[in-house]
Each structure stands twice: as structure tokens, then as C-alpha cells.
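Engineer: Below is target-v6.tsv; it holds TSV, C-alpha atoms.
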chain	number	residue	atom	x	y	z
A	723	MET	CA	0.00	0.00	0.00
A	724	GLN	CA	3.05	2.30	0.05
A	725	PHE	CA	2.49	3.18	-3.59
A	726	ILE	CA	-1.20	3.94	-2.90
A	727	LEU	CA	-0.08	6.44	-0.25
A	728	TYR	CA	2.32	8.01	-2.76
A	729	LEU	CA	-0.49	8.30	-5.27
A	730	LEU	CA	-2.83	9.85	-2.72
A	731	LEU	CA	-0.25	12.49	-1.78
A	732	ILE	CA	0.60	13.26	-5.41
A	733	LEU	CA	-2.99	13.78	-6.48
A	734	LEU	CA	-3.84	15.89	-3.43
A	735	PHE	CA	-0.73	18.09	-3.59
A	736	THR	CA	-0.81	18.64	-7.37
A	737	LYS	CA	-4.45	19.71	-7.47
A	738	VAL	CA	-4.12	22.05	-4.49
A	739	ALA	CA	-0.77	23.46	-5.68
A	740	GLY	CA	-2.12	23.88	-9.22
A	741	HIS	CA	-5.15	25.75	-7.90
A	742	LEU	CA	-3.00	28.05	-5.75
A	743	SER	CA	-0.68	28.69	-8.69
A	744	VAL	CA	-3.60	29.79	-10.88
A	745	ARG	CA	-4.94	32.00	-8.07
A	746	LEU	CA	-1.52	33.69	-7.95
A	747	GLY	CA	-1.63	34.36	-11.69
A	748	GLN	CA	0.75	31.58	-12.72
A	749	PRO	CA	0.17	28.47	-14.87
A	750	ALA	CA	-1.14	25.45	-12.94
A	751	VAL	CA	1.82	23.35	-14.08
A	752	LEU	CA	4.22	25.51	-12.03
A	753	GLY	CA	2.42	24.55	-8.82
A	754	LYS	CA	2.52	20.88	-9.81
A	755	LEU	CA	6.27	20.98	-10.41
A	756	ILE	CA	6.83	22.67	-7.04
A	757	ALA	CA	4.59	20.03	-5.42
A	758	GLY	CA	7.04	17.40	-6.64
A	759	ILE	CA	9.98	19.21	-5.03
A	760	VAL	CA	8.07	19.59	-1.75
A	761	LEU	CA	6.99	15.94	-1.66
A	762	GLY	CA	10.40	14.63	-2.72
A	763	PRO	CA	13.75	14.22	-0.95
A	764	ALA	CA	14.60	17.94	-1.28
A	765	VAL	CA	11.98	18.98	1.33
A	766	LEU	CA	9.56	16.54	3.00
A	767	GLY	CA	10.80	13.22	1.61
A	768	TRP	CA	7.29	11.74	1.66
A	769	VAL	CA	7.43	10.36	-1.89
A	770	GLN	CA	10.30	8.38	-3.43
A	771	ASN	CA	10.88	8.12	-7.18
A	772	ASP	CA	10.45	4.34	-7.31
A	773	THR	CA	9.78	2.10	-10.32
A	774	LEU	CA	5.99	2.49	-10.26
A	775	ILE	CA	6.19	6.28	-10.04
A	776	HIS	CA	8.67	6.31	-12.92
A	777	ASP	CA	6.51	4.04	-15.10
A	778	MET	CA	3.34	6.04	-14.42
A	779	SER	CA	5.17	9.27	-15.20
A	780	GLU	CA	6.28	7.78	-18.53
A	781	ILE	CA	2.64	7.03	-19.38
A	782	GLY	CA	1.69	10.54	-18.25
A	783	VAL	CA	4.10	12.33	-20.57
A	784	LEU	CA	3.11	10.06	-23.47
A	785	LEU	CA	-0.57	10.86	-22.94
A	786	LEU	CA	0.21	14.58	-22.61
A	787	MET	CA	2.00	14.62	-25.95
A	788	PHE	CA	-0.67	12.40	-27.52
A	789	ILE	CA	-3.31	14.98	-26.56
A	790	ALA	CA	-1.09	17.74	-27.95
A	791	GLY	CA	-0.97	15.87	-31.24
A	792	LEU	CA	-4.76	15.50	-31.26
A	793	GLU	CA	-5.17	19.26	-30.80
A	794	THR	CA	-2.48	20.30	-33.28
A	795	ASP	CA	-3.52	22.03	-36.49
A	796	LEU	CA	-1.50	20.08	-39.09
A	797	ASP	CA	-1.92	22.77	-41.75
A	798	GLN	CA	-0.61	25.38	-39.31
A	799	LEU	CA	2.34	23.10	-38.53
A	800	ARG	CA	3.14	22.69	-42.24
A	801	ARG	CA	2.95	26.42	-42.88
A	802	ASN	CA	5.47	27.14	-40.13
A	803	TRP	CA	8.15	24.57	-40.92
A	804	LYS	CA	10.72	27.21	-41.96
A	805	PRO	CA	10.50	29.19	-38.69
A	806	ALA	CA	10.52	25.89	-36.78
A	807	VAL	CA	13.83	24.91	-38.41
A	808	ALA	CA	15.35	28.34	-37.71
A	809	VAL	CA	14.20	28.28	-34.08
A	810	ALA	CA	15.53	24.76	-33.52
A	811	VAL	CA	18.93	25.55	-35.04
A	812	GLY	CA	19.25	28.88	-33.20
A	813	GLY	CA	18.14	27.20	-29.98
A	814	ILE	CA	20.90	24.61	-30.33
A	815	ILE	CA	23.93	26.54	-31.56
A	816	LEU	CA	23.95	29.25	-28.88
A	817	PRO	CA	23.39	26.93	-25.86
A	818	LEU	CA	25.94	24.46	-27.27
A	819	VAL	CA	28.70	27.05	-27.60
A	820	CYS	CA	27.90	28.85	-24.33
A	821	GLY	CA	27.60	25.55	-22.46
A	822	PHE	CA	31.09	24.66	-23.63
A	823	GLY	CA	32.24	28.10	-22.45
A	824	VAL	CA	30.80	27.47	-18.97
A	825	GLY	CA	32.64	24.16	-18.87
A	826	GLU	CA	35.90	25.87	-19.81
A	827	ALA	CA	35.39	28.50	-17.12
A	828	PHE	CA	34.91	25.84	-14.43
A	829	GLY	CA	37.81	23.65	-15.49
A	830	PHE	CA	35.96	20.95	-17.43
A	831	SER	CA	37.83	18.83	-19.95
A	832	VAL	CA	37.07	19.36	-23.66
A	833	HIS	CA	34.68	16.41	-23.93
A	834	GLU	CA	32.91	17.34	-20.66
A	835	GLY	CA	32.48	20.94	-21.86
A	836	TRP	CA	30.92	19.92	-25.17
A	837	PHE	CA	28.67	17.45	-23.38
A	838	LEU	CA	27.50	20.24	-21.07
A	839	GLY	CA	26.63	22.22	-24.19
A	840	VAL	CA	24.59	19.28	-25.53
A	841	ILE	CA	22.60	19.15	-22.29
A	842	LEU	CA	21.80	22.85	-22.56
A	843	SER	CA	20.79	22.36	-26.21
A	844	ALA	CA	17.98	19.97	-25.28
A	845	THR	CA	14.36	21.11	-25.16
A	846	SER	CA	11.42	19.38	-23.48
A	847	VAL	CA	8.20	20.48	-25.08
A	848	SER	CA	5.91	18.63	-22.63
A	849	ILE	CA	5.90	21.44	-20.04
A	850	THR	CA	5.44	24.08	-22.72
A	851	VAL	CA	2.54	22.14	-24.24
A	852	GLN	CA	0.67	22.21	-20.94
A	853	VAL	CA	1.17	25.96	-20.51
A	854	LEU	CA	0.08	26.67	-24.08
A	855	LYS	CA	-3.02	24.52	-23.57
A	856	ASP	CA	-3.84	26.39	-20.36
A	857	MET	CA	-3.68	29.67	-22.28
A	858	ASN	CA	-5.43	28.35	-25.41
A	859	LYS	CA	-2.31	29.13	-27.47
A	860	LEU	CA	-1.39	25.65	-28.68
A	861	ASN	CA	-2.72	26.22	-32.20
A	862	THR	CA	-1.43	29.75	-32.65
A	863	ARG	CA	1.31	30.34	-35.18
A	864	GLU	CA	3.75	30.69	-32.30
A	865	GLY	CA	2.56	27.47	-30.67
A	866	SER	CA	2.89	25.50	-33.91
A	867	THR	CA	6.40	26.87	-34.43
A	868	ILE	CA	7.41	25.84	-30.91
A	869	LEU	CA	6.05	22.31	-31.43
A	870	GLY	CA	7.83	21.87	-34.75
A	871	ALA	CA	11.08	23.30	-33.40
A	872	ALA	CA	10.98	21.05	-30.32
A	873	VAL	CA	10.57	17.91	-32.43
A	874	LEU	CA	13.50	18.90	-34.65
A	875	ASP	CA	15.54	19.90	-31.59
A	876	ASP	CA	15.12	16.39	-30.19
A	877	VAL	CA	16.48	14.84	-33.39
A	878	LEU	CA	19.45	17.21	-33.68
A	879	VAL	CA	20.44	16.87	-30.02
A	880	VAL	CA	20.45	13.07	-30.26
A	881	VAL	CA	22.67	13.35	-33.35
A	882	LEU	CA	25.01	15.70	-31.45
A	883	LEU	CA	25.14	13.21	-28.59
A	884	ALA	CA	26.03	10.45	-31.06
A	885	VAL	CA	28.84	12.58	-32.50
A	886	LEU	CA	30.28	13.18	-29.03
A	887	MET	CA	30.07	9.52	-28.10
A	888	SER	CA	31.68	8.55	-31.41
A	889	VAL	CA	34.57	10.97	-30.90
A	890	PHE	CA	34.99	10.87	-27.11
A	891	GLY	CA	33.03	7.69	-26.28
A	892	MET	CA	34.12	5.99	-23.06
A	893	ASN	CA	33.32	2.72	-21.34
A	894	GLY	CA	32.73	1.08	-24.73
A	895	GLN	CA	29.69	3.27	-25.43
A	896	GLU	CA	30.65	4.46	-28.92
A	897	MET	CA	27.89	5.06	-31.49
A	898	SER	CA	27.71	4.79	-35.25
A	899	LEU	CA	26.55	8.18	-36.53
A	900	GLY	CA	25.37	6.78	-39.86
A	901	LEU	CA	23.31	4.09	-38.15
A	902	LEU	CA	21.74	6.61	-35.80
A	903	VAL	CA	20.75	9.03	-38.58
A	904	GLY	CA	19.40	6.10	-40.58
A	905	LYS	CA	17.16	5.09	-37.68
A	906	LYS	CA	15.77	8.62	-37.46
A	907	LEU	CA	14.89	8.56	-41.16
A	908	ILE	CA	13.23	5.17	-40.77
A	909	PHE	CA	11.14	6.52	-37.90
A	910	PHE	CA	9.86	9.57	-39.77
A	911	VAL	CA	9.10	7.60	-42.94
A	912	GLY	CA	7.38	4.91	-40.86
A	913	ALA	CA	5.40	7.46	-38.84
A	914	ILE	CA	4.19	9.26	-41.98
A	915	LEU	CA	3.21	6.07	-43.80
A	916	GLY	CA	1.72	4.56	-40.65
A	917	GLY	CA	-0.30	7.67	-39.92
A	918	TRP	CA	-1.55	7.81	-43.49
A	919	LEU	CA	-2.30	4.14	-44.15
A	920	VAL	CA	-2.21	2.05	-40.96
A	921	VAL	CA	-3.88	4.27	-38.33
A	922	PRO	CA	-7.20	4.77	-40.20
A	923	TRP	CA	-7.30	1.01	-40.90
A	924	ILE	CA	-6.68	0.09	-37.23
A	925	MET	CA	-9.34	2.52	-36.02
A	926	LYS	CA	-11.81	1.20	-38.61
A	927	ILE	CA	-11.19	-2.40	-37.48
A	928	LEU	CA	-11.05	-1.96	-33.69
A	929	ALA	CA	-13.45	0.93	-33.02
A	930	PRO	CA	-16.67	-0.99	-33.92
A	931	LEU	CA	-15.84	-3.94	-31.63
A	932	LYS	CA	-18.70	-4.74	-29.23
A	933	VAL	CA	-16.66	-4.14	-26.08
A	934	THR	CA	-16.47	-1.31	-23.56
A	935	GLU	CA	-14.62	1.84	-24.76
A	936	ALA	CA	-13.36	0.25	-27.98
A	937	VAL	CA	-12.53	3.60	-29.62
A	938	ILE	CA	-10.28	4.94	-26.86
A	939	THR	CA	-8.61	1.54	-26.45
A	940	ALA	CA	-7.79	1.48	-30.15
A	941	ALA	CA	-6.38	5.01	-29.90
A	942	LEU	CA	-4.19	4.10	-26.91
A	943	ILE	CA	-2.88	1.04	-28.76
A	944	ILE	CA	-1.80	3.35	-31.58
A	945	CYS	CA	-0.33	5.90	-29.15
A	946	PHE	CA	1.78	3.36	-27.27
A	947	GLY	CA	2.69	1.55	-30.49
A	948	PHE	CA	4.06	4.73	-32.06
A	949	ALA	CA	5.90	5.62	-28.82
A	950	TYR	CA	7.52	2.18	-28.67
A	951	PHE	CA	8.47	2.38	-32.35
A	952	ALA	CA	10.12	5.76	-31.72
A	953	ASP	CA	12.02	4.50	-28.70
A	954	VAL	CA	13.34	1.42	-30.55
A	955	LEU	CA	14.73	3.68	-33.26
A	956	GLY	CA	16.45	6.00	-30.78
A	957	MET	CA	13.84	8.76	-30.72
A	958	ALA	CA	12.09	10.03	-27.60
A	959	GLY	CA	8.83	8.16	-27.03
A	960	ILE	CA	7.01	11.50	-26.71
A	961	ILE	CA	7.71	12.22	-30.38
A	962	GLY	CA	6.02	8.96	-31.34
A	963	ALA	CA	3.02	9.73	-29.11
A	964	PHE	CA	2.77	13.21	-30.64
A	965	ALA	CA	2.83	11.72	-34.15
A	966	ALA	CA	0.11	9.24	-33.15
A	967	GLY	CA	-2.10	12.09	-31.93
A	968	ILE	CA	-1.67	13.95	-35.23
A	969	ALA	CA	-2.52	10.78	-37.18
A	970	ILE	CA	-5.72	10.10	-35.23
A	971	ALA	CA	-6.70	13.77	-35.52
A	972	GLN	CA	-6.95	13.24	-39.30
A	973	THR	CA	-9.62	10.55	-38.81
A	974	GLY	CA	-13.27	10.92	-37.85
A	975	TYR	CA	-12.51	9.75	-34.31
A	976	LYS	CA	-10.58	12.85	-33.21
A	977	HIS	CA	-13.20	14.43	-30.94
A	978	VAL	CA	-14.37	11.25	-29.22
A	979	VAL	CA	-10.77	10.16	-28.53
A	980	GLU	CA	-9.89	13.60	-27.16
A	981	GLU	CA	-12.97	13.59	-24.94
A	982	LYS	CA	-12.17	10.14	-23.55
A	983	VAL	CA	-8.38	10.36	-23.13
A	984	GLU	CA	-8.22	13.68	-21.26
A	985	PRO	CA	-9.96	12.38	-18.07
A	986	ILE	CA	-7.61	9.39	-18.03
A	987	ALA	CA	-4.53	11.54	-18.48
A	988	TYR	CA	-5.29	14.51	-16.23
A	989	SER	CA	-6.89	12.62	-13.36
A	990	ILE	CA	-3.88	10.45	-12.55
A	991	PHE	CA	-1.01	9.99	-15.03
A	992	VAL	CA	-0.09	13.59	-15.94
A	993	PRO	CA	0.05	14.74	-12.27
A	994	VAL	CA	2.45	11.87	-11.54
A	995	PHE	CA	4.65	12.99	-14.45
A	996	PHE	CA	4.90	16.58	-13.20
A	997	VAL	CA	5.69	15.43	-9.66
A	998	SER	CA	8.33	12.97	-10.89
A	999	ILE	CA	10.40	15.87	-12.28
A	1000	GLY	CA	10.50	17.52	-8.85
A	1001	LEU	CA	11.43	14.22	-7.21
A	1002	ASN	CA	14.81	14.39	-8.96
A	1003	VAL	CA	15.83	17.42	-6.92
A	1004	SER	CA	18.23	16.95	-4.02
A	1005	PHE	CA	20.34	19.73	-2.53
A	1006	GLU	CA	22.91	17.43	-0.97
A	1007	GLY	CA	26.45	18.66	-1.62
A	1008	VAL	CA	25.34	21.50	-3.91
A	1009	GLY	CA	26.52	24.31	-1.62
A	1010	GLN	CA	30.11	23.92	-2.78
A	1011	GLN	CA	29.05	24.28	-6.42
A	1012	LEU	CA	26.51	27.07	-6.01
A	1013	GLY	CA	28.34	29.38	-8.42
A	1014	PHE	CA	28.36	26.68	-11.07
A	1015	VAL	CA	24.62	26.02	-10.63
A	1016	VAL	CA	23.75	29.73	-10.89
A	1017	ALA	CA	25.97	30.29	-13.93
A	1018	LEU	CA	24.67	27.19	-15.72
A	1019	THR	CA	21.03	28.06	-15.01
A	1020	LEU	CA	21.37	31.66	-16.23
A	1021	ILE	CA	23.19	30.57	-19.38
A	1022	ALA	CA	20.54	27.89	-19.98
A	1023	LEU	CA	17.72	30.43	-19.71
A	1024	VAL	CA	19.28	33.23	-21.74
A	1025	THR	CA	20.72	31.16	-24.60
A	1026	LYS	CA	17.47	29.36	-25.42
A	1027	LEU	CA	15.48	32.57	-25.14
A	1028	ILE	CA	17.84	34.49	-27.44
A	1029	GLY	CA	18.77	31.62	-29.76
A	1030	GLY	CA	15.22	30.47	-30.39
A	1031	GLY	CA	13.93	34.03	-30.44
A	1032	LEU	CA	16.53	35.09	-33.01
A	1033	GLY	CA	15.55	32.20	-35.26
A	1034	ALA	CA	11.92	33.32	-35.06
A	1035	ARG	CA	12.80	36.98	-35.69
A	1036	LEU	CA	14.81	36.13	-38.80
A	1037	THR	CA	11.83	34.25	-40.26
A	1038	GLY	CA	9.28	37.03	-39.98
A	1039	PHE	CA	7.95	37.11	-36.41
A	1040	ASP	CA	7.80	40.42	-34.55
A	1041	ASN	CA	9.86	41.01	-31.42
A	1042	ARG	CA	7.16	39.99	-28.94
A	1043	SER	CA	6.26	36.82	-30.81
A	1044	SER	CA	9.96	35.96	-31.13
A	1045	LEU	CA	10.40	36.25	-27.37
A	1046	ALA	CA	7.32	34.09	-26.82
A	1047	ILE	CA	8.73	31.40	-29.11
A	1048	GLY	CA	12.16	31.58	-27.48
A	1049	SER	CA	10.56	31.21	-24.06
A	1050	GLY	CA	8.75	28.10	-25.29
A	1051	MET	CA	12.11	26.41	-25.86
A	1052	ILE	CA	13.52	27.09	-22.38
A	1053	SER	CA	12.30	24.01	-20.50
A	1054	ARG	CA	14.81	21.12	-20.55
A	1055	GLY	CA	12.66	18.73	-18.48
A	1056	GLU	CA	12.93	14.97	-18.87
A	1057	VAL	CA	14.92	15.14	-22.13
A	1058	ALA	CA	17.92	16.81	-20.49
A	1059	LEU	CA	17.61	14.51	-17.45
A	1060	ILE	CA	17.93	11.48	-19.72
A	1061	ILE	CA	20.92	12.98	-21.56
A	1062	ALA	CA	22.64	13.80	-18.25
A	1063	ALA	CA	22.13	10.24	-17.02
A	1064	THR	CA	23.61	8.95	-20.29
A	1065	GLY	CA	26.63	11.20	-19.84
A	1066	LEU	CA	27.18	9.90	-16.32
A	1067	GLN	CA	27.13	6.29	-17.55
A	1068	THR	CA	29.53	6.95	-20.42
A	1069	GLY	CA	32.00	9.18	-18.59
A	1070	LEU	CA	31.08	12.34	-20.52
A	1071	LEU	CA	29.81	13.98	-17.30
A	1072	ALA	CA	31.81	13.82	-14.07
A	1073	GLN	CA	30.01	12.33	-11.06
A	1074	GLN	CA	30.70	15.36	-8.84
A	1075	TYR	CA	28.81	17.68	-11.22
A	1076	PHE	CA	25.84	15.42	-11.92
A	1077	THR	CA	23.59	16.71	-9.09
A	1078	SER	CA	24.37	20.34	-9.91
A	1079	VAL	CA	23.51	19.80	-13.58
A	1080	ILE	CA	20.22	18.11	-12.61
A	1081	ILE	CA	19.29	21.05	-10.37
A	1082	ALA	CA	20.05	23.53	-13.18
A	1083	VAL	CA	17.82	21.49	-15.51
A	1084	ILE	CA	15.00	21.49	-12.95
A	1085	LEU	CA	15.36	25.24	-12.43
A	1086	THR	CA	14.95	25.90	-16.16
A	1087	THR	CA	11.85	23.70	-16.11
A	1088	LEU	CA	10.41	25.65	-13.17
A	1089	ALA	CA	11.23	29.00	-14.79
A	1090	ALA	CA	9.70	28.12	-18.17
A	1091	PRO	CA	5.96	28.38	-17.30
A	1092	PRO	CA	5.99	31.91	-15.77
A	1093	ILE	CA	8.36	33.23	-18.46
A	1094	LEU	CA	6.18	31.72	-21.18
A	1095	LYS	CA	3.04	33.21	-19.69
A	1096	LEU	CA	4.69	36.61	-19.31
A	1097	CYS	CA	5.81	36.61	-22.94
A	1098	PHE	CA	2.36	35.56	-24.20
A	1099	SER	CA	0.35	37.82	-21.88
A	1100	ASP	CA	-1.28	40.94	-23.34
A	1101	LYS	CA	0.01	39.93	-26.74
A	1102	LYS	CA	-2.02	41.48	-29.54
A	1103	GLU	CA	-3.94	38.77	-31.33
A	1104	SER	CA	-4.52	38.74	-35.07
A	1105	SER	CA	-6.04	36.41	-37.63
A	1106	LEU	CA	-2.50	35.46	-38.61
A	1107	HIS	CA	-1.68	34.16	-35.16
A	1108	GLU	CA	-4.99	32.82	-33.85
A	1109	PRO	CA	-7.05	30.05	-35.41
A	1110	LYS	CA	-10.78	30.67	-35.69
A	1111	LYS	CA	-11.66	27.68	-33.57
A	1112	LYS	CA	-10.79	27.84	-29.90
A	1113	VAL	CA	-9.07	24.71	-28.66
A	1114	GLY	CA	-7.77	23.45	-25.36
A	1115	VAL	CA	-9.19	23.49	-21.87
A	1116	ASN	CA	-7.62	24.91	-18.77
A	1117	LYS	CA	-6.36	21.97	-16.75
A	1118	SER	CA	-5.58	22.68	-13.12
Translate this file's structure into C-alpha cells.

Structural biologist:
Amino acid sequence: MQFILYLLLILLFTKVAGHLSVRLGQPAVLGKLIAGIVLGPAVLGWVQNDTLIHDMSEIGVLLLMFIAGLETDLDQLRRNWKPAVAVAVGGIILPLVCGFGVGEAFGFSVHEGWFLGVILSATSVSITVQVLKDMNKLNTREGSTILGAAVLDDVLVVVLLAVLMSVFGMNGQEMSLGLLVGKKLIFFVGAILGGWLVVPWIMKILAPLKVTEAVITAALIICFGFAYFADVLGMAGIIGAFAAGIAIAQTGYKHVVEEKVEPIAYSIFVPVFFVSIGLNVSFEGVGQQLGFVVALTLIALVTKLIGGGLGARLTGFDNRSSLAIGSGMISRGEVALIIAATGLQTGLLAQQYFTSVIIAVILTTLAAPPILKLCFSDKKESSLHEPKKKVGVNKS
């Protein structure tokens, strides 16, 4: 029953903290992230990040990105592919170079410095998606650009990681760059063909079955199937879940799936995901590296904001929209946590800096929601930026 107690505390704290966060004028997700820090080893120590919590959080982030795919305007995404590329590239180059500079300043070796830059280059769109949904901005031109840039960012960062491990690989963990790029191409071709040909067929076969909730079960099979396919080919599972959502959104089952999956996701799995991020925080031994944590966090915030924002500005967005897009790329979240853990295993990140890097990643994730809301608030809307149909529901 220990896990049941964990679940009870998570659901109670996230809903109350989310409500208080909204009352204070901040996105609900900020309160949920803080709830994880409070419940975890950093403060109260009431909840431990055990296997069940980890597995439920994985399902939560997959469902969150699946819902984002369902609500994404594919035409809007296609129209904004050029800005998305520019934002992704700008949001990688500047953090990569500045991350290496931070490493040099604090006495890192060459391979450790470049790896630090790769960590700062990562972007986790899951937190941003929730904030955009809360503000009904997911299908704006800015929101579509952020989504497209985040997907491309994930691909490019994994390629960068492969290059580092090929050149500096330790502990026998070298990678073949050609093989890795080939897997990425296979995934995207498979996802496009699967979404076009296989998904409608599966829904047509499984949805009419005379069993309880056949439609949503069929949709979840597709979601988890795409996520597993992505993971096998070296992509983040969230990209597969996002692609599955887009594919189902092109069928006649979009609205019923969206209506059924949101209660499942937001009642239990998504709160566990947000809390699991905070559970990674521990302040043990960080006092001696406080300067490093502060410097890394500031560089992480500024470089994504400027790099992504500059890419948007060069492709036709005004200054305010460019800042909003740059702020949408700030959160590192679970993507950077996974990369940091990989670096620890392969010797690309020294053990004594691991905790400090994790804290800097968490701080960027905490800072992303209020910065994103500030950049989007009071923004002048126009027919160019806002779709006619209002989408998304405030989830607190």
C-alpha cells in the first residue's frame, strides 16, 4: 500500500498546488512541479521516485503529448516549418557554444564541456505544451512553431550526442553516426506512412468492436505503439506519441478520442509525471558548487530565449512573438535529465557535477511556465496568429 499512499499524496498536492498557482496568476503546471519538489527528498521526503512512479510518469508524458498531437492544427504546422527549423537551429547553436564556455570557465575537460553544451541544447516540449493549452495558445502560429522546433531539436540533439560519443566515447559506449541518422529517417518515414495508411485502418477495425470503450482503447494502442516504435529507433517516445495524436486527428474519431483520453490523463497519469520531475531534486552537496549552478542556469535560460527568439525573428515574427517562441524552448525537463544520465554512464559527465547539472535542468523547467506566460500575456492577437476555432481546456 506504500504506492497507494504516494499516489494519494501526489494527487492531493498537485491539485491544491495547481489551484493556488492559478490564483496567484501563474500556470497550474508551475504549482505541480513545485509540489514534486516539496513531496520529494529535497523537502519533506514523503514520496520516493520508485519504479511504479517512474513508469506512471512515462505514461503521463506520453498521454500529454498524444493529446497535444490530437489538438495540433497540421496545416498550421506545415505552414510554419521554416521558422521551426530556424528556431531549432538557433536554440541549439547558442546553448551548445555557451555551455562549452561554462565548462571551460569551471575547469571541465574538452569532452565534458561539449557534453554540457549538448545538455543545454535539449528542449522538453511537454511542459510548454501544458502551458500553451492552459492559455489556449497551442494552435497559434507561435505554438505550432514551438512544437515543430521542439521535435526537430530532439532529433538534432540526439545526433550531437552520437557525434560526441563517437569521438569521445568511453566505457565502450561508442555510437555509429550513420546508423543513428538512418534510424531517425526510418522513424519519420514509418510514422508518416503509418499515420496515413495504418492508423485509419486500425481505427476502422477496432473501433466498432462490441466491447467497452473500444474507440479509446484502439487510440491508446496506436499511441503506445508509435511511442515504442520511436524508442526502438532512438527517438524520444514522446515524439512517437505526438505523431500518433496527429494521425488520429486526421480521422473521424478525433473528438471522441480527445474527450475520452483527457480524463484518463489529467486525473492520474499527468500529475504523476509533473511530480516525478521535482522528485529528482536533491540539494545534498550543492553548496560547494553554487556558483556553477547559478551560472549554468542563467546561461541555460538566456541562450534558449535568445537563440530560439533570433531564429523566429529572422523568419518574420515580430519582437514579442519571437520572445514568446524563445521562451517556449527554455524548459529542458525529462529530455535533459535522460541525456545527463547517459553522460554519467559513459563518462562524458563527471560524477561530482551530476547533481548540480540536474538542479540547473529542474530550475529551467520551473522557470519556463511563468516566463512563457509573461511573454504571451497581453500579446495582440490577429487572424495570422490565432485560429478561428478555440481549442484546449484549462487543466488545473

Engineer: If you count all atoms listed in the file, which residues fall within 8 Å of A:Gly825, apart from same-chain ones fewer than 4 positions away, as a JSON list (two decimals) with C-alpha atoms, in the coordinates of the input?

Structural biologist:
[["chain", "number", "residue", "atom", "x", "y", "z"],
["A", 821, "GLY", "CA", 27.60, 25.55, -22.46],
["A", 829, "GLY", "CA", 37.81, 23.65, -15.49],
["A", 830, "PHE", "CA", 35.96, 20.95, -17.43],
["A", 831, "SER", "CA", 37.83, 18.83, -19.95],
["A", 834, "GLU", "CA", 32.91, 17.34, -20.66],
["A", 835, "GLY", "CA", 32.48, 20.94, -21.86],
["A", 836, "TRP", "CA", 30.92, 19.92, -25.17],
["A", 838, "LEU", "CA", 27.50, 20.24, -21.07]]

Engineer: Using only C-alpha atoms for the distances, tell me which of A:Val765, A:Ile815, A:Leu1027, A:Ala1089 is nearest to A:Ile841.

Structural biologist: A:Ile815

Engineer: Kindly give the distance, in Å, that separates atom CA of A:Ala1062 and atom CA of A:Leu761, rounded to a single decimal.

Structural biologist: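 For atom CA of A:Ala1062 relative to atom CA of A:Leu761, the distance reads 22.9 Å.
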
Engineer: Kindly indicate which residue among A:Val738, A:Ala971, A:Ile726, A:Val873 lies nearest to A:Ala757, using only C-alpha atoms for the distances.

Structural biologist: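 Between A:Val738, A:Ala971, A:Ile726, A:Val873, the residue approaching A:Ala757 most closely is A:Val738.
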
Engineer: To test the calculation: enclose all listed atoms of stretch 744-748 of chain A in a box whose edges run along x, y and z, add 6 Å on each side, then state centre and edge lengths in Å to one decimal, as JSON.

Structural biologist:
{"center_x": -2.1, "center_y": 32.1, "center_z": -10.3, "size_x": 17.7, "size_y": 16.6, "size_z": 16.8}

Engineer: What is the atom CA of A:Phe1014 to atom CA of A:Ile814 distance in Å?

Structural biologist: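 Interatomic distance, atom CA of A:Phe1014 to atom CA of A:Ile814: 20.8 Å.
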
Engineer: Could you work out how far atom CA of A:Gly956 lies from atom CA of A:Val880, giving the answer in Å with one decimal?

Structural biologist: 8.1 Å

Engineer: Which residues come within 10 Å of A:Pro749, counting all atoms listed in the file, excluding same-chain residues fewer than 5 positions away, as a PyMOL selection string?

Structural biologist: chain A and resi 740-744+754+852-854+856-857+1091-1092+1094-1095+1116-1118

Engineer: For A:Ala844, which residue among A:Thr1037, A:Thr867, A:Gln1074, A:Thr1086 is the nearest when counting only C-alpha atoms?

Structural biologist: A:Thr1086

Engineer: Would you list the residues near (2.6, 24.3, -37.4), meaning any protein, DNA or RNA residue with an atom at most 8 Å from that point in file coordinates, counting all atoms listed in the file, as a list in words?

Structural biologist: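 Looking at atoms near the point gives Thr794, Asp795, Leu796, Asp797, Gln798, Leu799, Arg800, Arg801, Asn802, Trp803, Asn861, Arg863, Gly865, Ser866, Thr867, Leu869 and Gly870 of chain A.
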
Engineer: Please check which residues have atoms at most 8 Å from (-0.3, 13.7, -28.8) in the file's coordinates, counting all atoms listed in the file, and write them as a ChimeraX atom specification.

Structural biologist: /A:784-793,945,960,963-968

Engineer: Go ahead and save the picked residues with C-alpha atoms, as a PDB file, in the coordinates of the input.

Structural biologist:
ATOM      1  CA  LEU A 784       3.110  10.060 -23.470  1.00  0.00           C
ATOM      2  CA  LEU A 785      -0.570  10.860 -22.940  1.00  0.00           C
ATOM      3  CA  LEU A 786       0.210  14.580 -22.610  1.00  0.00           C
ATOM      4  CA  MET A 787       2.000  14.620 -25.950  1.00  0.00           C
ATOM      5  CA  PHE A 788      -0.670  12.400 -27.520  1.00  0.00           C
ATOM      6  CA  ILE A 789      -3.310  14.980 -26.560  1.00  0.00           C
ATOM      7  CA  ALA A 790      -1.090  17.740 -27.950  1.00  0.00           C
ATOM      8  CA  GLY A 791      -0.970  15.870 -31.240  1.00  0.00           C
ATOM      9  CA  LEU A 792      -4.760  15.500 -31.260  1.00  0.00           C
ATOM     10  CA  GLU A 793      -5.170  19.260 -30.800  1.00  0.00           C
ATOM     11  CA  CYS A 945      -0.330   5.900 -29.150  1.00  0.00           C
ATOM     12  CA  ILE A 960       7.010  11.500 -26.710  1.00  0.00           C
ATOM     13  CA  ALA A 963       3.020   9.730 -29.110  1.00  0.00           C
ATOM     14  CA  PHE A 964       2.770  13.210 -30.640  1.00  0.00           C
ATOM     15  CA  ALA A 965       2.830  11.720 -34.150  1.00  0.00           C
ATOM     16  CA  ALA A 966       0.110   9.240 -33.150  1.00  0.00           C
ATOM     17  CA  GLY A 967      -2.100  12.090 -31.930  1.00  0.00           C
ATOM     18  CA  ILE A 968      -1.670  13.950 -35.230  1.00  0.00           C
TER      19      ILE A 968
END

Engineer: Would you mind listing what lies within 9 Å of A:Phe948 as a ChimeraX atom specification, with all atoms listed in the file counted and same-chain residues fewer than 2 positions away left out?

Structural biologist: /A:913,916,943-946,950-953,959,961-966

Engineer: So that I can check the surroundings of A:Met925, please list as a PyMOL selection string every protein, DNA and RNA residue that reaches within 10 Å of it, counting all atoms listed in the file and ignoring chain neighbours fewer than 3 positions away.

Structural biologist: chain A and resi 920-922+928-930+936-941+943-944+970+973-975

Engineer: My list of candidates is A:Val983, A:Val1016, A:Leu1023, A:Leu818. Which is closest to A:Ala1090 when distances are computed with all atoms listed in the file?

Structural biologist: A:Leu1023
